[in-house]
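Take a look at the structure set out below.
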Amino acid sequence: MDNHTGNHPIGVFDSGFGGLTVLKSILKELPQYDFVYLGDNARTPYGTRSFDTVYQYTLECVKKLFAMGCHLVILACNTASAKALRTIQQRDLPNIDPSRRVLGVIRPSVEEIGKITKSNSIGILGTNGTIQSESYVLEIEKLYPAIQVYQEACPIWVPLVENNEHLSDGADFFVQKHIKNLLSKSDRIDSVILGCTHYPLLMDKILKYVPENICVVSQGEIVAASLKDYLLRHPEMDARCTKASKIRFYTTDSTEMFDKQASVFFESNVKSIHLAL
Ligand code: DGL
């Protein structure tokens, strides 16, 4: 199945650019590993699509990453983690290759927020898909049943970022609107998860409207620390991941467009390769 025999990078997948914010943090923790980033830009956004569509798209991309030699894939996309991860882990992996692993971003984020909140009241900001899936609510119920979860879907935030409008004055209106909506649901909220990998790019504006006593958690560092810990706890997987500090970027859409926009998320230049679906 491996196209690149002997080369087993860690796969990092997102519906588009957002996962680059996660990859950037992962590289700080694990610079010695090889990585392949795959952005499904041709079919982005995932946040507005049905459960079944997100599952089909994500599975297809995971299979492509497996075919490129990845034994471990991170779904660096909340929407894909919310709508596809469980089915892929439970139904598909046993048939494809039970020794490979696919991990998401929701579980590590929930583990972390549980340690931060003092009031046991937290807020989640995410895409329509992530919020409607109730994945955060269910995961928190499992790990921290005493925590109350308040959610707010922010459907305009991803398009603002994707259209490079995240620093504009116009973005303030939508950032303020959704923060206000979320915080009006409870005055006990003391921590908020940015449950979408695009949202760190709106961080300056988000902090403008969130009171200082509320902790805003973005996922890059959390997912990076959790991956490092996973590799320590799973030496058999760690041994399979190759370590030559090589990174390759793939996009399902135009490479020119990807390279131009990717640097906004990745904060350094990117040269991508087109991947036909
Ligand atoms: N980056 C995706 C996430 O973390 C959202 C983008 C999209 O809607 O495709 O949920």
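Within each chain, counting starts at residue 1; across the structure tokens, chains are named A, B, ... in the order shown, with ligands numbered 1 upward in that order.
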Extract, using only C-alpha atoms, all DNA, RNA and protein residues at most 12 Å from Ser226 of chain A, discarding same-chain residues fewer than 3 positions from it, and format them as a count of residues only.
-> 26
Mind checking DSSP for segment 75-108 of chain A and telling me the strand (DSSP E) residues as a list of chain:residue names?
->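 Matching residues for strand (DSSP E) in segment 75-108 of chain A are A:Leu75, A:Arg101, A:Val102, A:Leu103.
Between atom CA of Gln56 of chain A and atom CA of Glu162 of chain A lies a distance of 22.8 Å.
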Taking only C-alpha atoms into account, which of A:His8, A:Arg91, A:Arg101, A:His178 comes nearest Leu75 of chain A?
->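 Closest to Leu75 of chain A, using only C-alpha atoms: A:Arg101.
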Nearest to ligand 1, chosen from A:Glu60, A:Glu139, A:Glu212, A:Asp14, with only C-alpha atoms and all ligand atoms counted in the distances =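 Once distances to ligand 1 are computed over only C-alpha atoms and all ligand atoms, the minimum belongs to A:Asp14.
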Kindly provide, as a PyMOL selection string, all nucleotide and amino acid residues lying within 10 Å of ligand 1, counting only C-alpha atoms and all ligand atoms.
-> chain A and resi 13-22+39-41+43-49+54+75-82+105-106+125-131+155-159+161-162+194-199+219
For segment 254-257 of chain A, please output as a PyMOL selection string all residues within 7 Å (counting only C-alpha atoms; exclusion window: fewer than 2 positions along the same chain).
-> chain A and resi 251+259-261+272-274
Export of the given selection (all heavy atoms) as a PDB file, in the first residue's frame:
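New file result.pdb:
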ATOM      1  N   THR A 251      -2.403  19.519  -1.656  1.00  0.00           N
ATOM      2  CA  THR A 251      -3.731  20.134  -1.686  1.00  0.00           C
ATOM      3  C   THR A 251      -4.540  19.492  -2.802  1.00  0.00           C
ATOM      4  O   THR A 251      -3.980  19.123  -3.839  1.00  0.00           O
ATOM      5  CB  THR A 251      -3.668  21.664  -1.899  1.00  0.00           C
ATOM      6  OG1 THR A 251      -5.017  22.155  -2.030  1.00  0.00           O
ATOM      7  CG2 THR A 251      -2.874  22.067  -3.127  1.00  0.00           C
ATOM      8  N   ASP A 259      -0.368  27.743  -1.948  1.00  0.00           N
ATOM      9  CA  ASP A 259       0.915  28.282  -1.486  1.00  0.00           C
ATOM     10  C   ASP A 259       0.779  29.740  -1.034  1.00  0.00           C
ATOM     11  O   ASP A 259       1.405  30.158  -0.061  1.00  0.00           O
ATOM     12  CB  ASP A 259       1.975  28.181  -2.591  1.00  0.00           C
ATOM     13  CG  ASP A 259       2.258  26.736  -2.970  1.00  0.00           C
ATOM     14  OD1 ASP A 259       1.717  25.836  -2.290  1.00  0.00           O
ATOM     15  OD2 ASP A 259       3.000  26.492  -3.939  1.00  0.00           O
ATOM     16  N   LYS A 260      -0.065  30.474  -1.749  1.00  0.00           N
ATOM     17  CA  LYS A 260      -0.255  31.893  -1.433  1.00  0.00           C
ATOM     18  C   LYS A 260      -0.932  32.048  -0.065  1.00  0.00           C
ATOM     19  O   LYS A 260      -0.470  32.803   0.793  1.00  0.00           O
ATOM     20  CB  LYS A 260      -1.133  32.512  -2.531  1.00  0.00           C
ATOM     21  CG  LYS A 260      -1.049  34.001  -2.579  1.00  0.00           C
ATOM     22  CD  LYS A 260      -1.608  34.517  -3.900  1.00  0.00           C
ATOM     23  CE  LYS A 260      -2.185  35.897  -3.675  1.00  0.00           C
ATOM     24  NZ  LYS A 260      -3.509  36.061  -4.196  1.00  0.00           N
ATOM     25  N   GLN A 261      -1.986  31.292   0.142  1.00  0.00           N
ATOM     26  CA  GLN A 261      -2.798  31.457   1.357  1.00  0.00           C
ATOM     27  C   GLN A 261      -2.191  30.713   2.550  1.00  0.00           C
ATOM     28  O   GLN A 261      -2.342  31.130   3.697  1.00  0.00           O
ATOM     29  CB  GLN A 261      -4.220  30.950   1.057  1.00  0.00           C
ATOM     30  CG  GLN A 261      -5.227  31.154   2.162  1.00  0.00           C
ATOM     31  CD  GLN A 261      -5.693  32.606   2.254  1.00  0.00           C
ATOM     32  OE1 GLN A 261      -5.134  33.483   1.605  1.00  0.00           O
ATOM     33  NE2 GLN A 261      -6.680  32.860   3.078  1.00  0.00           N
ATOM     34  N   SER A 272       3.440  23.487  -2.350  1.00  0.00           N
ATOM     35  CA  SER A 272       2.582  22.292  -2.293  1.00  0.00           C
ATOM     36  C   SER A 272       2.587  21.495  -3.592  1.00  0.00           C
ATOM     37  O   SER A 272       3.059  21.963  -4.634  1.00  0.00           O
ATOM     38  CB  SER A 272       1.153  22.706  -1.941  1.00  0.00           C
ATOM     39  OG  SER A 272       0.643  23.543  -2.959  1.00  0.00           O
ATOM     40  N   ILE A 273       2.023  20.289  -3.489  1.00  0.00           N
ATOM     41  CA  ILE A 273       1.889  19.365  -4.637  1.00  0.00           C
ATOM     42  C   ILE A 273       0.388  19.100  -4.778  1.00  0.00           C
ATOM     43  O   ILE A 273      -0.318  18.959  -3.775  1.00  0.00           O
ATOM     44  CB  ILE A 273       2.613  18.033  -4.329  1.00  0.00           C
ATOM     45  CG1 ILE A 273       4.105  18.293  -4.006  1.00  0.00           C
ATOM     46  CG2 ILE A 273       2.466  17.023  -5.461  1.00  0.00           C
ATOM     47  CD1 ILE A 273       4.774  17.145  -3.260  1.00  0.00           C
ATOM     48  N   HIS A 274      -0.080  19.014  -6.031  1.00  0.00           N
ATOM     49  CA  HIS A 274      -1.514  18.747  -6.231  1.00  0.00           C
ATOM     50  C   HIS A 274      -1.814  17.262  -6.026  1.00  0.00           C
ATOM     51  O   HIS A 274      -1.063  16.408  -6.475  1.00  0.00           O
ATOM     52  CB  HIS A 274      -1.937  19.160  -7.640  1.00  0.00           C
ATOM     53  CG  HIS A 274      -3.365  18.876  -7.909  1.00  0.00           C
ATOM     54  ND1 HIS A 274      -4.400  19.576  -7.320  1.00  0.00           N
ATOM     55  CD2 HIS A 274      -3.951  17.920  -8.677  1.00  0.00           C
ATOM     56  CE1 HIS A 274      -5.546  19.081  -7.710  1.00  0.00           C
ATOM     57  NE2 HIS A 274      -5.304  18.079  -8.541  1.00  0.00           N
TER      58      HIS A 274
END
Selection: 12 Å around Ile116 of chain A, only C-alpha atoms, excl. self and same-chain fewer than 6 positions, as a PyMOL selection string | chain A and resi 109-110+122+144+147+189-193+214-217
Saved selection, atoms kept: all heavy atoms, as an mmCIF file, in the first residue's frame:
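Written file, out.cif:
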data_model
loop_
_atom_site.group_PDB
_atom_site.id
_atom_site.type_symbol
_atom_site.label_atom_id
_atom_site.label_comp_id
_atom_site.auth_asym_id
_atom_site.auth_seq_id
_atom_site.Cartn_x
_atom_site.Cartn_y
_atom_site.Cartn_z
ATOM 1 N N SER A 109 -8.366 18.350 23.451
ATOM 2 C CA SER A 109 -8.840 19.691 23.843
ATOM 3 C C SER A 109 -9.728 19.597 25.075
ATOM 4 O O SER A 109 -9.648 20.427 25.986
ATOM 5 C CB SER A 109 -9.632 20.336 22.702
ATOM 6 O OG SER A 109 -8.894 20.276 21.522
ATOM 7 N N VAL A 110 -10.561 18.568 25.104
ATOM 8 C CA VAL A 110 -11.467 18.377 26.244
ATOM 9 C C VAL A 110 -10.662 18.035 27.506
ATOM 10 O O VAL A 110 -10.929 18.555 28.594
ATOM 11 C CB VAL A 110 -12.501 17.271 25.905
ATOM 12 C CG1 VAL A 110 -13.210 16.778 27.144
ATOM 13 C CG2 VAL A 110 -13.512 17.806 24.899
ATOM 14 N N ILE A 122 -17.992 25.813 30.777
ATOM 15 C CA ILE A 122 -17.097 26.153 29.669
ATOM 16 C C ILE A 122 -17.881 26.480 28.402
ATOM 17 O O ILE A 122 -19.023 26.067 28.249
ATOM 18 C CB ILE A 122 -16.088 25.022 29.379
ATOM 19 C CG1 ILE A 122 -16.815 23.795 28.843
ATOM 20 C CG2 ILE A 122 -15.271 24.647 30.597
ATOM 21 C CD1 ILE A 122 -15.914 22.914 28.050
ATOM 22 N N TYR A 144 -15.690 14.577 32.171
ATOM 23 C CA TYR A 144 -15.935 15.495 33.300
ATOM 24 C C TYR A 144 -17.440 15.744 33.435
ATOM 25 O O TYR A 144 -17.944 16.812 33.041
ATOM 26 C CB TYR A 144 -15.242 16.842 33.056
ATOM 27 C CG TYR A 144 -13.755 16.768 32.797
ATOM 28 C CD1 TYR A 144 -13.251 16.953 31.506
ATOM 29 C CD2 TYR A 144 -12.852 16.554 33.835
ATOM 30 C CE1 TYR A 144 -11.883 16.900 31.255
ATOM 31 C CE2 TYR A 144 -11.481 16.501 33.596
ATOM 32 C CZ TYR A 144 -11.014 16.677 32.302
ATOM 33 O OH TYR A 144 -9.669 16.632 32.060
ATOM 34 N N ILE A 147 -19.059 19.173 34.468
ATOM 35 C CA ILE A 147 -18.892 20.420 33.699
ATOM 36 C C ILE A 147 -20.121 20.720 32.828
ATOM 37 O O ILE A 147 -20.633 19.846 32.126
ATOM 38 C CB ILE A 147 -17.614 20.348 32.816
ATOM 39 C CG1 ILE A 147 -16.372 20.310 33.722
ATOM 40 C CG2 ILE A 147 -17.545 21.513 31.842
ATOM 41 C CD1 ILE A 147 -15.062 20.271 32.961
ATOM 42 N N ILE A 189 -19.252 30.988 32.729
ATOM 43 C CA ILE A 189 -18.223 30.476 31.802
ATOM 44 C C ILE A 189 -16.866 31.111 32.152
ATOM 45 O O ILE A 189 -16.744 32.334 32.186
ATOM 46 C CB ILE A 189 -18.593 30.808 30.333
ATOM 47 C CG1 ILE A 189 -19.865 30.056 29.926
ATOM 48 C CG2 ILE A 189 -17.436 30.468 29.383
ATOM 49 C CD1 ILE A 189 -20.430 30.467 28.565
ATOM 50 N N ASP A 190 -15.873 30.256 32.430
ATOM 51 C CA ASP A 190 -14.547 30.813 32.755
ATOM 52 C C ASP A 190 -13.475 30.353 31.769
ATOM 53 O O ASP A 190 -12.310 30.738 31.876
ATOM 54 C CB ASP A 190 -14.140 30.480 34.198
ATOM 55 C CG ASP A 190 -13.843 28.998 34.398
ATOM 56 O OD1 ASP A 190 -14.126 28.189 33.494
ATOM 57 O OD2 ASP A 190 -13.325 28.658 35.479
ATOM 58 N N SER A 191 -13.866 29.477 30.820
ATOM 59 C CA SER A 191 -12.900 29.082 29.791
ATOM 60 C C SER A 191 -13.649 28.730 28.512
ATOM 61 O O SER A 191 -14.756 28.207 28.566
ATOM 62 C CB SER A 191 -12.020 27.917 30.239
ATOM 63 O OG SER A 191 -12.607 27.219 31.284
ATOM 64 N N VAL A 192 -12.988 29.026 27.390
ATOM 65 C CA VAL A 192 -13.629 28.859 26.075
ATOM 66 C C VAL A 192 -12.652 28.127 25.157
ATOM 67 O O VAL A 192 -11.482 28.516 25.052
ATOM 68 C CB VAL A 192 -13.976 30.245 25.471
ATOM 69 C CG1 VAL A 192 -14.490 30.103 24.049
ATOM 70 C CG2 VAL A 192 -15.013 30.982 26.335
ATOM 71 N N ILE A 193 -13.134 27.075 24.500
ATOM 72 C CA ILE A 193 -12.295 26.369 23.511
ATOM 73 C C ILE A 193 -12.572 26.947 22.127
ATOM 74 O O ILE A 193 -13.733 27.039 21.712
ATOM 75 C CB ILE A 193 -12.620 24.854 23.449
ATOM 76 C CG1 ILE A 193 -12.376 24.162 24.787
ATOM 77 C CG2 ILE A 193 -11.817 24.173 22.352
ATOM 78 C CD1 ILE A 193 -12.676 22.661 24.765
ATOM 79 N N ILE A 214 -11.593 35.343 31.528
ATOM 80 C CA ILE A 214 -11.978 34.095 30.844
ATOM 81 C C ILE A 214 -10.794 33.607 30.005
ATOM 82 O O ILE A 214 -10.195 34.362 29.246
ATOM 83 C CB ILE A 214 -13.225 34.313 29.952
ATOM 84 C CG1 ILE A 214 -14.421 34.683 30.845
ATOM 85 C CG2 ILE A 214 -13.520 33.080 29.118
ATOM 86 C CD1 ILE A 214 -15.713 34.954 30.084
ATOM 87 N N CYS A 215 -10.478 32.318 30.185
ATOM 88 C CA CYS A 215 -9.315 31.754 29.491
ATOM 89 C C CYS A 215 -9.729 31.246 28.104
ATOM 90 O O CYS A 215 -10.676 30.469 27.992
ATOM 91 C CB CYS A 215 -8.787 30.608 30.365
ATOM 92 S SG CYS A 215 -7.439 29.733 29.635
ATOM 93 N N VAL A 216 -9.040 31.704 27.075
ATOM 94 C CA VAL A 216 -9.342 31.249 25.703
ATOM 95 C C VAL A 216 -8.287 30.223 25.294
ATOM 96 O O VAL A 216 -7.094 30.509 25.301
ATOM 97 C CB VAL A 216 -9.344 32.436 24.714
ATOM 98 C CG1 VAL A 216 -9.625 31.953 23.294
ATOM 99 C CG2 VAL A 216 -10.375 33.482 25.133
ATOM 100 N N VAL A 217 -8.767 29.029 24.952
ATOM 101 C CA VAL A 217 -7.844 27.925 24.666
ATOM 102 C C VAL A 217 -7.858 27.624 23.172
ATOM 103 O O VAL A 217 -8.908 27.298 22.618
ATOM 104 C CB VAL A 217 -8.313 26.652 25.438
ATOM 105 C CG1 VAL A 217 -7.405 25.481 25.155
ATOM 106 C CG2 VAL A 217 -8.406 26.938 26.927
#
Enumerate as a list in words all residues of segment 221-254 of chain A assigned to helix (DSSP H, G or I) by DSSP on the backbone, naming them with the chain letters and numbers the document uses.
-> Glu221, Ile222, Val223, Ala224, Ala225, Ser226, Leu227, Lys228, Asp229, Tyr230, Leu231, Leu232, Arg233, Pro235, Glu236, Met237, Asp238, Ala239 and Arg240 of chain A
Export of the given selection (C-alpha atoms) as an mmCIF file, in the first residue's frame:
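What follows is the written file again34.cif:
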data_model
loop_
_atom_site.group_PDB
_atom_site.id
_atom_site.type_symbol
_atom_site.label_atom_id
_atom_site.label_comp_id
_atom_site.auth_asym_id
_atom_site.auth_seq_id
_atom_site.Cartn_x
_atom_site.Cartn_y
_atom_site.Cartn_z
ATOM 1 C CA GLU A 221 -0.179 23.501 21.539
ATOM 2 C CA ILE A 222 -2.638 21.065 23.128
ATOM 3 C CA VAL A 223 -2.693 18.729 20.135
ATOM 4 C CA ALA A 224 1.102 18.953 19.800
ATOM 5 C CA ALA A 225 1.656 18.035 23.468
ATOM 6 C CA SER A 226 -0.881 15.243 23.234
ATOM 7 C CA LEU A 227 0.785 13.786 20.103
ATOM 8 C CA LYS A 228 4.178 13.875 21.797
ATOM 9 C CA ASP A 229 2.718 12.057 24.773
ATOM 10 C CA TYR A 230 0.998 9.521 22.489
ATOM 11 C CA LEU A 231 4.294 8.681 20.768
ATOM 12 C CA LEU A 232 5.990 8.236 24.146
ATOM 13 C CA ARG A 233 3.229 5.893 25.294
ATOM 14 C CA PRO A 235 6.888 3.162 21.205
ATOM 15 C CA GLU A 236 5.828 0.644 18.517
ATOM 16 C CA MET A 237 4.123 3.465 16.578
ATOM 17 C CA ASP A 238 6.957 5.868 17.299
ATOM 18 C CA ALA A 239 9.454 3.388 15.835
ATOM 19 C CA ARG A 240 7.410 3.243 12.622
#
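Proximity to Pro98 of chain A was assessed for A:Ser135, A:His71, A:Lys118, A:Ala84 counting only C-alpha atoms; the smallest distance is recorded for A:His71.
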For segment 164-166 of chain A, please output as a list in words all residues within 7 Å (counting only C-alpha atoms; exclusion window: fewer than 3 positions along the same chain).
->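 Those residues are Leu160, Val161, Ala171, Leu201 and Leu202 of chain A.
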Restricted to N, CA, C and O atoms, what would the selected residues look like written as a short mmCIF file (atom, residue, chain, number, x, y, z; two decimals), in the first residue's frame?
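Saved the output as result_32.cif:
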data_model
loop_
_atom_site.label_atom_id
_atom_site.label_comp_id
_atom_site.auth_asym_id
_atom_site.auth_seq_id
_atom_site.Cartn_x
_atom_site.Cartn_y
_atom_site.Cartn_z
N LEU A 160 -14.48 34.22 6.79
CA LEU A 160 -13.71 35.45 7.03
C LEU A 160 -12.21 35.18 6.91
O LEU A 160 -11.47 35.92 6.27
N VAL A 161 -11.79 34.08 7.52
CA VAL A 161 -10.35 33.74 7.50
C VAL A 161 -9.94 33.31 6.09
O VAL A 161 -8.92 33.77 5.58
N ALA A 171 -14.64 42.15 10.30
CA ALA A 171 -14.60 40.90 11.08
C ALA A 171 -15.02 41.14 12.52
O ALA A 171 -15.58 40.25 13.17
N LEU A 201 -6.46 32.37 14.00
CA LEU A 201 -6.14 33.57 13.21
C LEU A 201 -7.00 34.77 13.61
O LEU A 201 -6.69 35.90 13.27
N LEU A 202 -8.08 34.49 14.32
CA LEU A 202 -8.95 35.58 14.80
C LEU A 202 -8.65 35.92 16.26
O LEU A 202 -9.40 36.68 16.89
#
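Excluding Arg100 of chain A itself and same-chain residues fewer than 3 positions from it, the residues having an atom within 10 Å of it are Phe66, Cys70, His71, Leu72, Val73, Gln89, Leu93, Pro94, Ile96, Asp97 and Met237 of chain A, counting only C-alpha atoms.
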What's the 8 Å shell around Val175 of chain A, counting only C-alpha atoms, without same-chain residues fewer than 6 positions away, as a list in words?
-> Trp157, Lys205, Ile206 and Tyr209 of chain A
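Distance check against Cys61 of chain A using only C-alpha atoms: of A:Ser263, A:Val12, A:Val210, A:Gly114, the minimum falls on A:Val12.
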